[in-house]
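One structure is given below, encoded as structure tokens.
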Amino acid sequence: MSLELKLKLAHGNFELDIDQIFASQGVTAIYGPSGSGKTSVLRAIAGLDKSASGLIKFNNRIWQDGSKFIATHRRALAYVFQEPSLFEHLSVRANIEYGFKRVPLKQRVINSDDVIQALGISSLLDRDTQTLSGGEKQRVAIARALCSSPDLLLMDEPLSALDKRSKAEILPMLVALRDKLSIPIIYVSHSLNEVARLADHLVLMQQGRIIASGDIQSMLTQLDLSLAQGADAESLIDAVVAAHDEQFELTYLDSSLGRFSVLRRPLAIGEKVRLLIAARDVSITRQQQQDTSILNIFPATIEQIESVGAAQVTVRLNANNLPVLARLTKKSATLMNLAVGDSVYLQAKSVAIL
Amino acid sequence: MFSEADIAALMLTLKLAGISTLVLILFGTPLAWWLAKSAWRFKFLIEALVALPLVLPPTVLGFYLLVAFSPQSSIGHLFESVVGQPLAFSFTGLVVGSVIYSLPFVIQPLQNAFIAVGRRPLEVAATLRASPSDRFFSVVVPLARPGFLSAAVLGFAHTLGEFGVVLMIGGNIPGETQVASIAIYEHVESMQLASAHWLSAALLLISFCLLVLVYAANPKARVLRL
């Protein structure tokens, strides 16, 4: 897949102006504050906002340019809205079948039973949509979208209207579906947590413009971007479950950084996970510490040092070509005489598994 | 009880109301859809025109229709040259009059129902590959069902009670233009009060049963809301 966008749009005071080629696979998150134009981009891609002018090209097919406008129903996409927006006059099953039935037989590449299973809605099929909870409704809406076998899935903050429990329930399902279905997804969100768990690529929007884009790891750790400047700056590392330690009740996770040890989790050997390390949980030592309680220690090189406020610095480390952030006090950085290019050791006090 | 002429008048009334309602739903649906969706800045002119029969005395409407139906007018002339008989004082003329007379009673519930459906279900359907006509029949019509019911019942019932317009453009030809309301009027004029009673009771009963049926079938829907 390739998606090329050159869009201009004006709604009152708001102006959208973007020129971007979206990544060809995986999940691309469009992240930014509310009002930055994330939803406008998504609606324009879907052809739901006809006032957007410019070029939309998907898989070498022009969906829109100055002289042409392919109607929404002729674009091989599906859209999950913020609110589930189920058809109230149809049962859960009929909702899911709505798109499925309208796709020609040969293009039905997604098995609806798999999707229904993955989203845990088998028992809801004969229910009336009005009797479902918010989380159940959104799962049905996601299934409905997927069962139309789209070439591109657009998701507009699909979890933002849900309670914490439903979010926690659906996110792993989305991760599993992402890995299983290999449909390119554009996922609009203002939750960094969702983005960190789901996205492969990140497009950062502000005031109708795309201010940066790239793969998620480097975007999270780019010191000139807001993501790395906040108190909750963090680094993302892909890892695979390597082994469980029966004696100490630990789980070992292999990444290109090295082997991480975490408290034992019910994960299968070989399962892919994402590790999230908060910058404030990373400390730096000159020598590899032996007399420390911290287990996760890796060699790294200092790439960049930036001040954060009056008292702190963020250090961007290169650990075997993976970027990792460390948040230190200015005092420590000065006392240790840290400089770009130095070889050091990073110590991660705690690691979150996504 | 009912004379043969009374039964003929009743049947004619039901036939007139039925055909008028059918025509109204058929032509009123696209008009109501357009009114619900259009962003044309002078749309209010059409809305005012559609609502006119609500406030206009039926005799005024009837008078203009009579003028339009006369063989001297272009409409009346065209009809007569095509069909071979005049539009005035004919059943077809009554249908035309009823359709105009009951238009707002059909358009307004439909328009409200279409607006109530909102944009979102249509957008969802479009992203699920439904074409515009597919979206209309698979999403709008079922979601606007109470509106259609309300429109049909109001259109039918309002035509049932039509009097002034019929009097002006239809006259009182038994079997052709003599509807129940006219027959009742004539019975009263000629002091046949018993016949007037029976016919009035019949209209009352039909109208009431119709409404009971609709409200019973849709306990939750607000059927009659203008």
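Chain labels A, B, ... are given in the sequence in which chains occur in the structure tokens; within each chain residues are numbered consecutively from 1, and ligands are likewise numbered from 1 in the order shown.
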
query: Any idea what's packed within 6 Å of stretch 65-81 of chain B, counting only C-alpha atoms, ignoring anything in its chain fewer than 6 positions away? Could you give it as a PyMOL selection string?
result: chain B and resi 87-88+169

Store the residues picked out above in a file with C-alpha atoms, as a PDB file, in the first residue's frame.
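Dumped to again.pdb:
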```
ATOM      1  CA  LEU B  87     -59.815  17.917 -15.296  1.00  0.00           C
ATOM      2  CA  ALA B  88     -62.392  19.900 -13.358  1.00  0.00           C
ATOM      3  CA  ILE B 169     -63.189  21.573  -7.900  1.00  0.00           C
TER       4      ILE B 169
END
```

So which residues touch stretch 34-37 of chain A within 6 Å, counting only C-alpha atoms, skipping near sequence neighbours fewer than 5 positions away, as a JSON list (two decimals) with C-alpha atoms, in the first residue's frame?
```
[["chain", "number", "residue", "atom", "x", "y", "z"],
["A", 205, "MET", "CA", 0.12, 17.12, 13.93],
["A", 206, "GLN", "CA", -0.29, 20.62, 15.23],
["A", 207, "GLN", "CA", -2.60, 23.39, 14.04],
["A", 208, "GLY", "CA", -3.43, 21.75, 10.74]]
```

- prompt: How far is it from atom CA of A:Ala52 to atom CA of B:Trp34, in Å with one decimal?
  reply: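 Computing it gives 23.4 Å between the two atoms.
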
Selection: 8 Å around stretch 159-167 of chain A, only C-alpha atoms, excl. self and same-chain fewer than 3 positions, as a VMD selection string: chain A and resid 82 to 83 134 to 135 138 170 to 171 189

query: So how many Å separate atom CA of B:Ser131 and atom CA of A:Arg74, to one decimal?
result: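 These two atoms are separated by 8.2 Å.
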
- prompt: Which of stretch 3-160 of chain A counts as strand (DSSP E) under DSSP, as a VMD selection string please?
  reply: chain A and resid 3 to 11 14 to 22 27 to 31 53 to 58 61 to 65 68 to 69 77 to 80 152 to 156
